[in-house]
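*Asks:* mmCIF, C-alpha atoms, saved as protein.cif, coming up:
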data_final
#
loop_
_atom_site.label_atom_id
_atom_site.label_comp_id
_atom_site.auth_asym_id
_atom_site.auth_seq_id
_atom_site.Cartn_x
_atom_site.Cartn_y
_atom_site.Cartn_z
CA MET A 1 38.48 -28.76 -51.88
CA SER A 2 38.64 -30.13 -48.36
CA GLY A 3 40.65 -27.09 -47.19
CA VAL A 4 38.14 -24.70 -48.69
CA SER A 5 35.23 -26.50 -47.13
CA VAL A 6 36.92 -26.52 -43.72
CA ALA A 7 37.65 -22.80 -43.96
CA GLY A 8 34.05 -22.16 -44.97
CA VAL A 9 32.77 -24.09 -42.00
CA GLU A 10 35.09 -22.19 -39.64
CA THR A 11 33.92 -18.89 -41.12
CA GLU A 12 30.27 -19.90 -40.66
CA ARG A 13 30.99 -20.84 -37.04
CA ARG A 14 32.74 -17.55 -36.28
CA ALA A 15 29.93 -15.47 -37.84
CA PRO A 16 27.16 -16.60 -35.41
CA THR A 17 29.61 -16.19 -32.51
CA THR A 18 30.39 -12.63 -33.58
CA ARG A 19 26.71 -11.82 -34.00
CA GLY A 20 25.98 -13.32 -30.55
CA ARG A 21 28.60 -11.08 -28.92
CA ARG A 22 27.23 -8.07 -30.76
CA ASP A 23 23.68 -8.88 -29.62
CA ARG A 24 24.82 -9.34 -26.02
CA ARG A 25 26.65 -5.99 -26.08
CA ARG A 26 23.54 -4.35 -27.53
CA ARG A 27 21.35 -5.87 -24.80
CA ASP A 28 23.84 -4.82 -22.13
CA ASN A 29 23.86 -1.26 -23.48
CA GLN A 30 20.07 -1.18 -23.55
CA GLY A 31 19.93 -2.52 -19.99
CA ARG A 32 22.34 0.16 -18.76
CA LEU A 33 20.39 2.85 -20.59
CA ALA A 34 17.11 1.61 -19.06
CA PHE A 35 18.73 1.58 -15.62
CA TRP A 36 19.90 5.19 -15.86
CA LEU A 37 16.56 6.31 -17.27
CA LEU A 38 14.61 4.61 -14.46
CA LEU A 39 16.98 5.63 -11.68
CA PRO A 40 15.52 9.18 -11.16
CA ALA A 41 11.98 7.78 -10.95
CA ALA A 42 13.10 5.05 -8.52
CA VAL A 43 14.85 7.63 -6.32
CA ALA A 44 11.73 9.84 -6.36
CA VAL A 45 9.46 6.89 -5.45
CA PHE A 46 11.78 5.88 -2.63
CA GLY A 47 11.99 9.43 -1.29
CA VAL A 48 8.28 10.21 -1.56
CA ILE A 49 6.68 6.83 -0.76
CA VAL A 50 9.01 4.11 0.52
CA TYR A 51 11.10 6.18 2.94
CA PRO A 52 8.10 7.89 4.64
CA ILE A 53 6.37 4.51 5.04
CA LEU A 54 9.44 2.94 6.67
CA ARG A 55 10.12 6.07 8.74
CA THR A 56 6.54 6.15 10.01
CA LEU A 57 6.76 2.48 10.96
CA LEU A 58 9.96 3.16 12.88
CA ILE A 59 8.47 6.19 14.69
CA SER A 60 5.47 4.13 15.79
CA PHE A 61 7.75 2.18 18.15
CA PHE A 62 9.23 5.25 19.83
CA GLU A 63 7.95 8.06 22.03
CA VAL A 64 8.25 11.13 19.81
CA ASN A 65 6.70 14.28 21.22
CA SER A 66 8.29 16.87 18.97
CA ALA A 67 9.30 17.21 15.35
CA LEU A 68 12.81 18.17 16.51
CA ALA A 69 13.00 15.72 19.41
CA THR A 70 16.43 14.25 20.14
CA ASP A 71 15.46 12.04 23.08
CA THR A 72 13.06 9.42 21.71
CA PRO A 73 12.91 6.38 24.01
CA PHE A 74 11.90 3.03 22.56
CA VAL A 75 8.44 1.97 23.78
CA GLY A 76 7.77 -1.05 21.59
CA LEU A 77 4.06 -1.71 21.08
CA GLN A 78 2.99 0.74 23.77
CA ASN A 79 1.84 3.33 21.19
CA TYR A 80 -0.43 0.73 19.59
CA ILE A 81 -1.77 -0.27 23.01
CA ASP A 82 -2.46 3.39 23.85
CA VAL A 83 -4.40 3.78 20.61
CA LEU A 84 -6.48 0.64 21.06
CA THR A 85 -7.34 1.52 24.67
CA ALA A 86 -8.27 5.16 24.00
CA PRO A 87 -12.05 5.85 24.06
CA GLY A 88 -11.60 8.63 21.51
CA PHE A 89 -10.17 6.18 18.99
CA TRP A 90 -13.14 3.82 19.16
CA ALA A 91 -15.59 6.71 18.92
CA ALA A 92 -13.77 7.98 15.83
CA MET A 93 -13.71 4.44 14.43
CA GLY A 94 -17.48 4.14 14.81
CA ARG A 95 -18.06 7.44 13.02
CA THR A 96 -15.64 6.41 10.27
CA LEU A 97 -17.36 3.08 9.68
CA TYR A 98 -20.74 4.81 9.59
CA PHE A 99 -19.44 7.38 7.11
CA THR A 100 -17.84 4.68 4.96
CA LEU A 101 -20.83 2.33 4.82
CA VAL A 102 -23.51 4.99 4.28
CA SER A 103 -21.62 7.08 1.74
CA THR A 104 -20.44 4.05 -0.25
CA ALA A 105 -23.94 2.51 -0.32
CA LEU A 106 -25.57 5.76 -1.43
CA GLU A 107 -22.93 6.39 -4.09
CA LEU A 108 -23.35 2.87 -5.44
CA VAL A 109 -27.17 3.07 -5.65
CA LEU A 110 -27.25 6.60 -7.06
CA GLY A 111 -24.34 5.84 -9.37
CA LEU A 112 -26.18 2.85 -10.80
CA ILE A 113 -29.27 4.98 -11.45
CA VAL A 114 -27.24 7.75 -13.08
CA ALA A 115 -25.28 5.22 -15.16
CA GLY A 116 -28.55 3.72 -16.42
CA LEU A 117 -29.80 7.16 -17.43
CA LEU A 118 -26.52 8.02 -19.16
CA ASN A 119 -26.63 4.70 -21.01
CA ALA A 120 -30.09 5.45 -22.41
CA LYS A 121 -30.33 6.31 -26.10
CA LEU A 122 -30.81 10.07 -25.98
CA ARG A 123 -29.98 12.72 -28.56
CA ALA A 124 -27.82 14.89 -26.30
CA ARG A 125 -26.33 12.02 -24.34
CA TRP A 126 -22.83 13.49 -24.64
CA LEU A 127 -24.06 16.74 -23.08
CA PHE A 128 -25.61 14.95 -20.10
CA ARG A 129 -22.40 13.02 -19.55
CA ALA A 130 -20.39 16.24 -19.60
CA VAL A 131 -22.71 17.92 -17.09
CA VAL A 132 -22.81 14.94 -14.73
CA ILE A 133 -19.03 14.86 -14.35
CA ILE A 134 -18.87 18.48 -13.10
CA PRO A 135 -19.36 17.71 -9.36
CA TRP A 136 -16.47 15.25 -9.42
CA ALA A 137 -14.26 17.73 -11.31
CA ILE A 138 -14.70 20.36 -8.59
CA PRO A 139 -11.82 20.28 -6.06
CA THR A 140 -12.77 18.78 -2.71
CA ILE A 141 -11.99 21.98 -0.78
CA VAL A 142 -14.19 24.03 -3.12
CA ASN A 143 -16.95 21.44 -2.85
CA ALA A 144 -16.71 21.50 0.96
CA ALA A 145 -16.84 25.31 1.05
CA MET A 146 -19.87 25.32 -1.24
CA TRP A 147 -21.81 22.84 0.90
CA LYS A 148 -20.75 24.61 4.08
CA GLY A 149 -22.41 27.71 2.68
CA ILE A 150 -25.51 25.76 1.67
CA PHE A 151 -25.84 24.34 5.21
CA ASN A 152 -25.17 27.67 6.91
CA ALA A 153 -27.57 28.24 9.82
CA GLN A 154 -28.17 31.94 9.04
CA TYR A 155 -28.08 32.43 5.28
CA GLY A 156 -27.80 28.92 3.85
CA ALA A 157 -29.67 28.01 0.68
CA LEU A 158 -31.03 24.80 2.22
CA ASN A 159 -32.75 26.64 5.06
CA ALA A 160 -34.15 29.22 2.66
CA ALA A 161 -35.54 26.59 0.29
CA LEU A 162 -37.09 24.44 3.02
CA THR A 163 -38.62 27.49 4.69
CA GLN A 164 -40.12 28.74 1.45
CA LEU A 165 -41.60 25.30 0.78
CA GLY A 166 -43.09 25.19 4.26
CA ILE A 167 -41.18 22.06 5.26
CA ILE A 168 -39.54 23.72 8.26
CA ASP A 169 -40.72 26.70 10.35
CA GLN A 170 -37.33 28.11 11.30
CA TYR A 171 -33.74 27.89 10.18
CA GLN A 172 -31.81 24.83 11.36
CA ALA A 173 -28.15 24.58 12.37
CA TRP A 174 -27.36 21.68 10.06
CA LEU A 175 -23.70 21.63 11.09
CA GLY A 176 -24.39 22.44 14.73
CA ASP A 177 -25.60 19.02 15.85
CA PRO A 178 -22.99 16.20 16.02
CA THR A 179 -25.17 13.50 14.42
CA LEU A 180 -26.76 15.83 11.89
CA ALA A 181 -23.42 17.33 10.90
CA LEU A 182 -21.96 13.92 10.04
CA ASN A 183 -24.91 13.18 7.76
CA MET A 184 -24.55 16.58 6.09
CA VAL A 185 -20.90 15.81 5.36
CA ILE A 186 -22.01 12.48 3.86
CA ILE A 187 -24.40 14.34 1.55
CA ALA A 188 -21.58 16.61 0.38
CA ASP A 189 -19.31 13.62 -0.23
CA VAL A 190 -22.01 11.66 -2.07
CA TRP A 191 -22.79 14.64 -4.32
CA LYS A 192 -19.16 14.92 -5.36
CA THR A 193 -18.28 11.25 -5.79
CA THR A 194 -21.45 9.77 -7.32
CA PRO A 195 -20.49 10.89 -10.88
CA LEU A 196 -17.22 8.97 -10.66
CA VAL A 197 -19.05 5.84 -9.52
CA ALA A 198 -21.60 6.34 -12.29
CA PHE A 199 -18.92 6.41 -14.98
CA PHE A 200 -17.29 3.25 -13.62
CA LEU A 201 -20.66 1.50 -13.81
CA LEU A 202 -21.42 3.08 -17.19
CA ALA A 203 -18.28 1.42 -18.57
CA GLY A 204 -19.66 -1.90 -17.35
CA LEU A 205 -23.09 -1.25 -18.85
CA THR A 206 -21.69 -0.37 -22.27
CA SER A 207 -19.74 -3.65 -22.32
CA ILE A 208 -22.90 -5.76 -22.06
CA PRO A 209 -23.74 -7.21 -25.53
CA ASN A 210 -27.06 -6.08 -27.01
CA GLU A 211 -27.76 -9.68 -28.01
CA LEU A 212 -28.43 -10.51 -24.36
CA TYR A 213 -31.10 -7.80 -24.11
CA GLU A 214 -32.66 -8.93 -27.38
CA ALA A 215 -32.78 -12.54 -26.22
CA ALA A 216 -34.39 -11.43 -22.96
CA LYS A 217 -37.03 -9.47 -24.89
CA VAL A 218 -37.78 -12.51 -27.02
CA ASP A 219 -38.32 -14.49 -23.81
CA ARG A 220 -40.55 -11.63 -22.55
CA ALA A 221 -38.44 -11.22 -19.44
CA SER A 222 -39.38 -8.37 -17.12
CA TRP A 223 -36.92 -5.57 -16.32
CA PRO A 224 -36.34 -6.80 -12.75
CA ARG A 225 -35.46 -10.22 -14.12
CA ILE A 226 -33.21 -8.71 -16.80
CA PHE A 227 -31.41 -6.68 -14.14
CA ARG A 228 -31.00 -9.71 -11.88
CA THR A 229 -29.92 -12.23 -14.52
CA ILE A 230 -28.05 -10.08 -17.05
CA VAL A 231 -27.11 -6.61 -15.80
CA LEU A 232 -26.06 -7.41 -12.25
CA PRO A 233 -23.79 -10.40 -13.07
CA MET A 234 -22.10 -8.41 -15.84
CA LEU A 235 -21.57 -5.44 -13.49
CA VAL A 236 -19.97 -7.43 -10.68
CA PRO A 237 -16.37 -6.59 -11.80
CA SER A 238 -17.21 -2.87 -12.01
CA ILE A 239 -19.01 -2.97 -8.67
CA SER A 240 -16.00 -4.70 -7.12
CA ILE A 241 -13.68 -1.93 -8.29
CA VAL A 242 -16.07 0.77 -7.10
CA LEU A 243 -16.54 -0.78 -3.65
CA VAL A 244 -12.83 -1.25 -3.06
CA LEU A 245 -11.87 2.25 -4.26
CA ARG A 246 -14.68 4.03 -2.45
CA THR A 247 -14.19 2.05 0.76
CA VAL A 248 -10.53 3.00 0.88
CA GLU A 249 -11.21 6.66 0.06
CA ALA A 250 -14.15 6.99 2.44
CA PHE A 251 -12.39 5.29 5.34
CA LYS A 252 -9.44 7.69 5.17
CA VAL A 253 -11.59 10.78 4.57
CA PHE A 254 -9.98 13.94 5.88
CA ASP A 255 -10.09 16.93 3.57
CA ILE A 256 -13.86 17.42 3.40
CA ILE A 257 -14.08 17.01 7.21
CA TYR A 258 -11.32 19.54 7.72
CA ALA A 259 -12.91 22.09 5.40
CA MET A 260 -16.51 21.74 6.58
CA THR A 261 -16.48 21.04 10.33
CA ARG A 262 -12.89 20.71 11.64
CA GLY A 263 -14.06 17.50 13.27
CA GLY A 264 -16.80 19.24 15.28
CA PRO A 265 -19.17 19.94 16.75
CA VAL A 266 -18.12 18.12 19.94
CA ASN A 267 -16.00 15.75 17.79
CA GLY A 268 -19.20 14.64 16.07
CA THR A 269 -17.50 14.44 12.66
CA GLN A 270 -14.05 13.39 13.83
CA THR A 271 -13.04 10.40 11.74
CA VAL A 272 -10.04 8.14 12.33
CA ALA A 273 -7.88 10.05 9.84
CA TYR A 274 -8.77 13.37 11.47
CA TYR A 275 -8.16 11.83 14.91
CA ALA A 276 -4.69 10.76 13.74
CA TYR A 277 -4.04 14.27 12.43
CA THR A 278 -4.96 15.97 15.70
CA THR A 279 -3.02 13.38 17.72
CA ALA A 280 0.16 13.82 15.69
CA PHE A 281 0.16 17.53 14.87
CA SER A 282 -2.10 19.22 17.42
CA ASP A 283 -1.09 17.11 20.43
CA GLN A 284 2.49 16.68 19.13
CA ASN A 285 2.34 12.94 19.82
CA PHE A 286 3.98 11.66 16.66
CA GLY A 287 4.61 8.13 17.93
CA VAL A 288 0.94 7.49 18.65
CA GLY A 289 -0.02 9.25 15.41
CA ALA A 290 2.27 6.92 13.45
CA ALA A 291 0.74 3.90 15.17
CA LEU A 292 -2.71 5.23 14.29
CA SER A 293 -1.70 5.49 10.63
CA TYR A 294 -0.70 1.84 10.48
CA ILE A 295 -3.86 0.75 12.25
CA ILE A 296 -5.86 2.64 9.61
CA VAL A 297 -3.96 0.82 6.86
CA LEU A 298 -4.62 -2.54 8.54
CA VAL A 299 -8.36 -1.86 8.85
CA ILE A 300 -8.53 -0.80 5.19
CA LEU A 301 -6.83 -4.05 4.13
CA VAL A 302 -9.28 -6.09 6.20
CA LEU A 303 -12.30 -4.26 4.75
CA THR A 304 -10.98 -4.69 1.22
CA PHE A 305 -10.45 -8.42 1.78
CA VAL A 306 -13.97 -8.83 3.19
CA TYR A 307 -15.47 -6.91 0.24
CA LEU A 308 -13.64 -9.03 -2.31
CA ARG A 309 -14.67 -12.29 -0.62
CA MET A 310 -18.32 -11.22 -0.44
CA LEU A 311 -18.36 -10.10 -4.07
CA ARG A 312 -16.68 -13.30 -5.23
CA ARG A 313 -19.34 -15.35 -3.45
CA SER A 314 -22.15 -13.24 -4.89
CA GLU A 315 -20.64 -13.55 -8.36
CA MET A 316 -20.52 -17.34 -8.07
CA SER A 317 -24.12 -17.48 -6.85
CA LEU A 318 -25.34 -15.36 -9.78
CA LEU A 319 -23.64 -17.49 -12.42
#
Give the structure from this file in structure tokens form.

*Replies:*
Amino acid sequence: MSGVSVAGVETERRAPTTRGRRDRRRRDNQGRLAFWLLLPAAVAVFGVIVYPILRTLLISFFEVNSALATDTPFVGLQNYIDVLTAPGFWAAMGRTLYFTLVSTALELVLGLIVAGLLNAKLRARWLFRAVVIIPWAIPTIVNAAMWKGIFNAQYGALNAALTQLGIIDQYQAWLGDPTLALNMVIIADVWKTTPLVAFFLLAGLTSIPNELYEAAKVDRASWPRIFRTIVLPMLVPSISIVLVLRTVEAFKVFDIIYAMTRGGPVNGTQTVAYYAYTTAFSDQNFGVGAALSYIIVLVILVLTFVYLRMLRRSEMSLL
């Protein structure tokens, strides 16, 4: 009996050990399979994202005046110094900040109004939501070409409408004045992007419990008070996402500028991203263009940090 019991114990000990080895082999096989499945994606990410980022950083420390240049002397931080001391850079930075602040503010205000309308209890609410998303669904180049035609000084729809209404006496060159052209580009950008902002805020509005509105009605709270004490605090996370995303996108705006004005007239719509493009590809100064790209990234990070700090403070004050 003792021999049988000892053999049974040894068999029970070997069984868990065998199962443990089998489980480890299975996990190892799954790990190798996952590695080979993820390897193509990792190579693609490295080739498309990581390598260009590191290559651009390296170029920013050298004098590169041609795409096929073989003699590229090391200049250290001189490219960054050249950027920060160039008057054209600071002028482009001012226009970019103006574009970013005005377009983001307008999109946030208009998006909140549109989101409130889309959240209203209407019969054909689904139809209104489908129609509102159309401007955002239009490609940016198509949107820019459409607004360029609307603002045309000779046959534009805006001039025709304002003339027929008696608001202006003669056709205006909306894209012919530097200051006016930048504001016209802002209008085109706001028209396209407001629906996206509205749907972000609509998601926040739909997440607010109806019980809060009912309790406010019982207390006979006015709509301004309801908005300040209920709607706005609940929308702070959505507003944070919108501000960060739109600040980043607006600060690096390029395509709508390129399609509508090519940075003109008289560089009146030349943003930092467009300034980096002309520096690198038109002037063939790739080292300075690379330095410009990293300065743009640094400014975007700073703006995002400031936005998040301000929103966190406002959220704490509303609670």

*Asks:* Quick one: pull the distance between CA of Tyr80 in chain A and CA of Gln284 in chain A, Å, one decimal.

*Replies:*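 CA of Gln284 in chain A lies at a distance of 16.2 Å from CA of Tyr80 in chain A.
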
*Asks:* On this structure, which residues satisfy the PyMOL selection byres ((chain A and resi 62) around 7), written as a JSON list (two decimals) with C-alpha atoms, in the coordinates of the input?

*Replies:*
[["chain", "number", "residue", "atom", "x", "y", "z"],
["A", 59, "ILE", "CA", 8.47, 6.19, 14.69],
["A", 60, "SER", "CA", 5.47, 4.13, 15.79],
["A", 61, "PHE", "CA", 7.75, 2.18, 18.15],
["A", 63, "GLU", "CA", 7.95, 8.06, 22.03],
["A", 64, "VAL", "CA", 8.25, 11.13, 19.81],
["A", 72, "THR", "CA", 13.06, 9.42, 21.71],
["A", 73, "PRO", "CA", 12.91, 6.38, 24.01],
["A", 74, "PHE", "CA", 11.90, 3.03, 22.56],
["A", 75, "VAL", "CA", 8.44, 1.97, 23.78],
["A", 76, "GLY", "CA", 7.77, -1.05, 21.59],
["A", 287, "GLY", "CA", 4.61, 8.13, 17.93]]

*Asks:* I'd like the contact shell of Asp189 in chain A - 9 Å cut-off, all atoms listed in the file, skipping same-chain residues fewer than 4 positions apart - returned as a list in words.

*Replies:*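 Result of the neighbour search: Ser103, Glu107, Thr140, Asn143, Ala144, Met184, Val185, Thr193, Thr194, Ala250 and Ile256 of chain A.
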
*Asks:* Just to be explicit: take each residue in the selection above, keep C-alpha atoms, and write the result as a PDB file, keeping the file's coordinate frame.

*Replies:*
ATOM      1  CA  SER A 103     -21.620   7.080   1.740  1.00  0.00           C
ATOM      2  CA  GLU A 107     -22.930   6.390  -4.090  1.00  0.00           C
ATOM      3  CA  THR A 140     -12.770  18.780  -2.710  1.00  0.00           C
ATOM      4  CA  ASN A 143     -16.950  21.440  -2.850  1.00  0.00           C
ATOM      5  CA  ALA A 144     -16.710  21.500   0.960  1.00  0.00           C
ATOM      6  CA  MET A 184     -24.550  16.580   6.090  1.00  0.00           C
ATOM      7  CA  VAL A 185     -20.900  15.810   5.360  1.00  0.00           C
ATOM      8  CA  THR A 193     -18.280  11.250  -5.790  1.00  0.00           C
ATOM      9  CA  THR A 194     -21.450   9.770  -7.320  1.00  0.00           C
ATOM     10  CA  ALA A 250     -14.150   6.990   2.440  1.00  0.00           C
ATOM     11  CA  ILE A 256     -13.860  17.420   3.400  1.00  0.00           C
TER      12      ILE A 256
END

*Asks:* Restricting the calculation to only C-alpha atoms: of A:Tyr294, A:Tyr171, A:Phe305, A:Tyr274, which residue gets closest to Thr96 in chain A?

*Replies:*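 Looking at the shortest contact to Thr96 in chain A, the residue is A:Tyr274.
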
*Asks:* Name every residue that the PyMOL selection byres ((chain A and resi 159) around 9) selects in this structure, writing the answer as an mmCIF file with C-alpha atoms, keeping the file's coordinate frame with chains first and numbers rising.

*Replies:*
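Produced file part.cif, reproduced below:
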data_model
loop_
_atom_site.group_PDB
_atom_site.id
_atom_site.type_symbol
_atom_site.label_atom_id
_atom_site.label_comp_id
_atom_site.auth_asym_id
_atom_site.auth_seq_id
_atom_site.Cartn_x
_atom_site.Cartn_y
_atom_site.Cartn_z
ATOM 1 C CA ILE A 150 -25.510 25.760 1.670
ATOM 2 C CA PHE A 151 -25.840 24.340 5.210
ATOM 3 C CA ASN A 152 -25.170 27.670 6.910
ATOM 4 C CA ALA A 153 -27.570 28.240 9.820
ATOM 5 C CA GLN A 154 -28.170 31.940 9.040
ATOM 6 C CA TYR A 155 -28.080 32.430 5.280
ATOM 7 C CA GLY A 156 -27.800 28.920 3.850
ATOM 8 C CA ALA A 157 -29.670 28.010 0.680
ATOM 9 C CA LEU A 158 -31.030 24.800 2.220
ATOM 10 C CA ALA A 160 -34.150 29.220 2.660
ATOM 11 C CA ALA A 161 -35.540 26.590 0.290
ATOM 12 C CA LEU A 162 -37.090 24.440 3.020
ATOM 13 C CA THR A 163 -38.620 27.490 4.690
ATOM 14 C CA GLN A 164 -40.120 28.740 1.450
ATOM 15 C CA ILE A 168 -39.540 23.720 8.260
ATOM 16 C CA GLN A 170 -37.330 28.110 11.300
ATOM 17 C CA TYR A 171 -33.740 27.890 10.180
ATOM 18 C CA GLN A 172 -31.810 24.830 11.360
ATOM 19 C CA ALA A 173 -28.150 24.580 12.370
ATOM 20 C CA TRP A 174 -27.360 21.680 10.060
#

*Asks:* Residues proximal to (-9.7, 7.2, 5.2) were defined as those with any atom within 9 Å of that point in the file's coordinates, counting only C-alpha atoms. Which are they, as a VMD selection string?

*Replies:* chain A and resid 96 100 247 to 254 271 to 274 296 to 297 300

*Asks:* What do you get, as an NGL selection string, if you spell out every residue that the PyMOL selection byres ((chain A and resi 129) around 12) selects here?

*Replies:* :A and (114-120 or 122-128 or 130-136 or 195-196 or 198-199 or 202)

*Asks:* What lies within 6 Å of range 235-240 of chain A using all atoms listed in the file, ignoring chain neighbours under 3 positions off, as a list in words?

*Replies:*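 The contact residues come out as Leu201, Gly204, Leu232 and Leu243 of chain A.
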
*Asks:* Counting all atoms listed in the file, which of A:Thr279, A:Ser66, A:Thr85, A:Thr104 gets nearest to Trp191 in chain A?

*Replies:*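 Closest candidate: A:Thr104.
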
*Asks:* One decimal, in Å: what's the spacing between CA of Thr179 in chain A and CA of Asp283 in chain A?

*Replies:*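 Distance reported for this atom pair: 25.1 Å.
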
*Asks:* What does the structure give for the distance between CA of Asp71 in chain A and CA of Thr278 in chain A, in Å to one decimal?

*Replies:* 22.1 Å

*Asks:* What's around Ile295 in chain A at 12 Å? Count all atoms listed in the file, leave out sequence neighbours fewer than 2 positions away in its own chain, and write the answer as a list in words.

*Replies:*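 Near Ile295 in chain A, the qualifying residues are Thr56, Leu57, Ser60, Asn79, Tyr80, Ile81, Asp82, Val83, Leu84, Phe89, Trp90, Met93, Phe251, Lys252, Val272, Ala273, Ala276, Val288, Gly289, Ala290, Ala291, Leu292, Ser293, Val297, Leu298, Val299, Ile300, Leu301 and Val302 of chain A.
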
*Asks:* Write the selection just made, keeping C-alpha atoms, as an mmCIF file, in the frame of the given file?

*Replies:*
data_model
loop_
_atom_site.group_PDB
_atom_site.id
_atom_site.type_symbol
_atom_site.label_atom_id
_atom_site.label_comp_id
_atom_site.auth_asym_id
_atom_site.auth_seq_id
_atom_site.Cartn_x
_atom_site.Cartn_y
_atom_site.Cartn_z
ATOM 1 C CA THR A 56 6.540 6.150 10.010
ATOM 2 C CA LEU A 57 6.760 2.480 10.960
ATOM 3 C CA SER A 60 5.470 4.130 15.790
ATOM 4 C CA ASN A 79 1.840 3.330 21.190
ATOM 5 C CA TYR A 80 -0.430 0.730 19.590
ATOM 6 C CA ILE A 81 -1.770 -0.270 23.010
ATOM 7 C CA ASP A 82 -2.460 3.390 23.850
ATOM 8 C CA VAL A 83 -4.400 3.780 20.610
ATOM 9 C CA LEU A 84 -6.480 0.640 21.060
ATOM 10 C CA PHE A 89 -10.170 6.180 18.990
ATOM 11 C CA TRP A 90 -13.140 3.820 19.160
ATOM 12 C CA MET A 93 -13.710 4.440 14.430
ATOM 13 C CA PHE A 251 -12.390 5.290 5.340
ATOM 14 C CA LYS A 252 -9.440 7.690 5.170
ATOM 15 C CA VAL A 272 -10.040 8.140 12.330
ATOM 16 C CA ALA A 273 -7.880 10.050 9.840
ATOM 17 C CA ALA A 276 -4.690 10.760 13.740
ATOM 18 C CA VAL A 288 0.940 7.490 18.650
ATOM 19 C CA GLY A 289 -0.020 9.250 15.410
ATOM 20 C CA ALA A 290 2.270 6.920 13.450
ATOM 21 C CA ALA A 291 0.740 3.900 15.170
ATOM 22 C CA LEU A 292 -2.710 5.230 14.290
ATOM 23 C CA SER A 293 -1.700 5.490 10.630
ATOM 24 C CA VAL A 297 -3.960 0.820 6.860
ATOM 25 C CA LEU A 298 -4.620 -2.540 8.540
ATOM 26 C CA VAL A 299 -8.360 -1.860 8.850
ATOM 27 C CA ILE A 300 -8.530 -0.800 5.190
ATOM 28 C CA LEU A 301 -6.830 -4.050 4.130
ATOM 29 C CA VAL A 302 -9.280 -6.090 6.200
#

*Asks:* Grab range 62-108 of chain A from that structure and dump C-alpha atoms to a file, as a tab-separated table (two decimals), in the first residue's frame.

*Replies:*
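So out-v3.tsv came out as:
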chain	number	residue	atom	x	y	z
A	62	PHE	CA	23.21	70.30	-40.91
A	63	GLU	CA	23.30	72.70	-43.85
A	64	VAL	CA	21.34	70.87	-46.54
A	65	ASN	CA	20.63	72.91	-49.66
A	66	SER	CA	19.63	70.15	-52.04
A	67	ALA	CA	17.72	66.89	-51.93
A	68	LEU	CA	20.75	65.17	-53.49
A	69	ALA	CA	23.40	67.10	-51.57
A	70	THR	CA	26.56	65.18	-50.68
A	71	ASP	CA	28.40	67.97	-48.85
A	72	THR	CA	26.31	68.79	-45.77
A	73	PRO	CA	28.43	70.56	-43.13
A	74	PHE	CA	27.40	70.33	-39.50
A	75	VAL	CA	26.09	73.69	-38.22
A	76	GLY	CA	24.70	72.70	-34.83
A	77	LEU	CA	21.93	75.01	-33.63
A	78	GLN	CA	22.58	77.61	-36.32
A	79	ASN	CA	19.48	76.58	-38.31
A	80	TYR	CA	17.32	77.14	-35.23
A	81	ILE	CA	18.99	80.51	-34.62
A	82	ASP	CA	18.37	81.51	-38.24
A	83	VAL	CA	14.70	80.64	-37.87
A	84	LEU	CA	14.21	82.51	-34.60
A	85	THR	CA	15.97	85.62	-35.92
A	86	ALA	CA	14.13	85.74	-39.27
A	87	PRO	CA	11.44	88.48	-39.48
A	88	GLY	CA	9.40	86.32	-41.85
A	89	PHE	CA	9.12	83.59	-39.24
A	90	TRP	CA	7.68	85.88	-36.58
A	91	ALA	CA	5.25	87.42	-39.06
A	92	ALA	CA	4.08	83.93	-40.05
A	93	MET	CA	3.85	82.98	-36.37
A	94	GLY	CA	1.59	85.95	-35.65
A	95	ARG	CA	-0.72	85.05	-38.53
A	96	THR	CA	-0.77	81.42	-37.40
A	97	LEU	CA	-1.69	82.30	-33.83
A	98	TYR	CA	-4.43	84.63	-35.08
A	99	PHE	CA	-5.78	81.92	-37.38
A	100	THR	CA	-5.65	79.32	-34.59
A	101	LEU	CA	-7.33	81.41	-31.89
A	102	VAL	CA	-10.08	82.91	-34.07
A	103	SER	CA	-10.97	79.74	-35.96
A	104	THR	CA	-10.95	77.57	-32.83
A	105	ALA	CA	-13.09	80.05	-30.86
A	106	LEU	CA	-15.64	80.38	-33.67
A	107	GLU	CA	-15.81	76.63	-34.19
A	108	LEU	CA	-16.33	76.05	-30.48
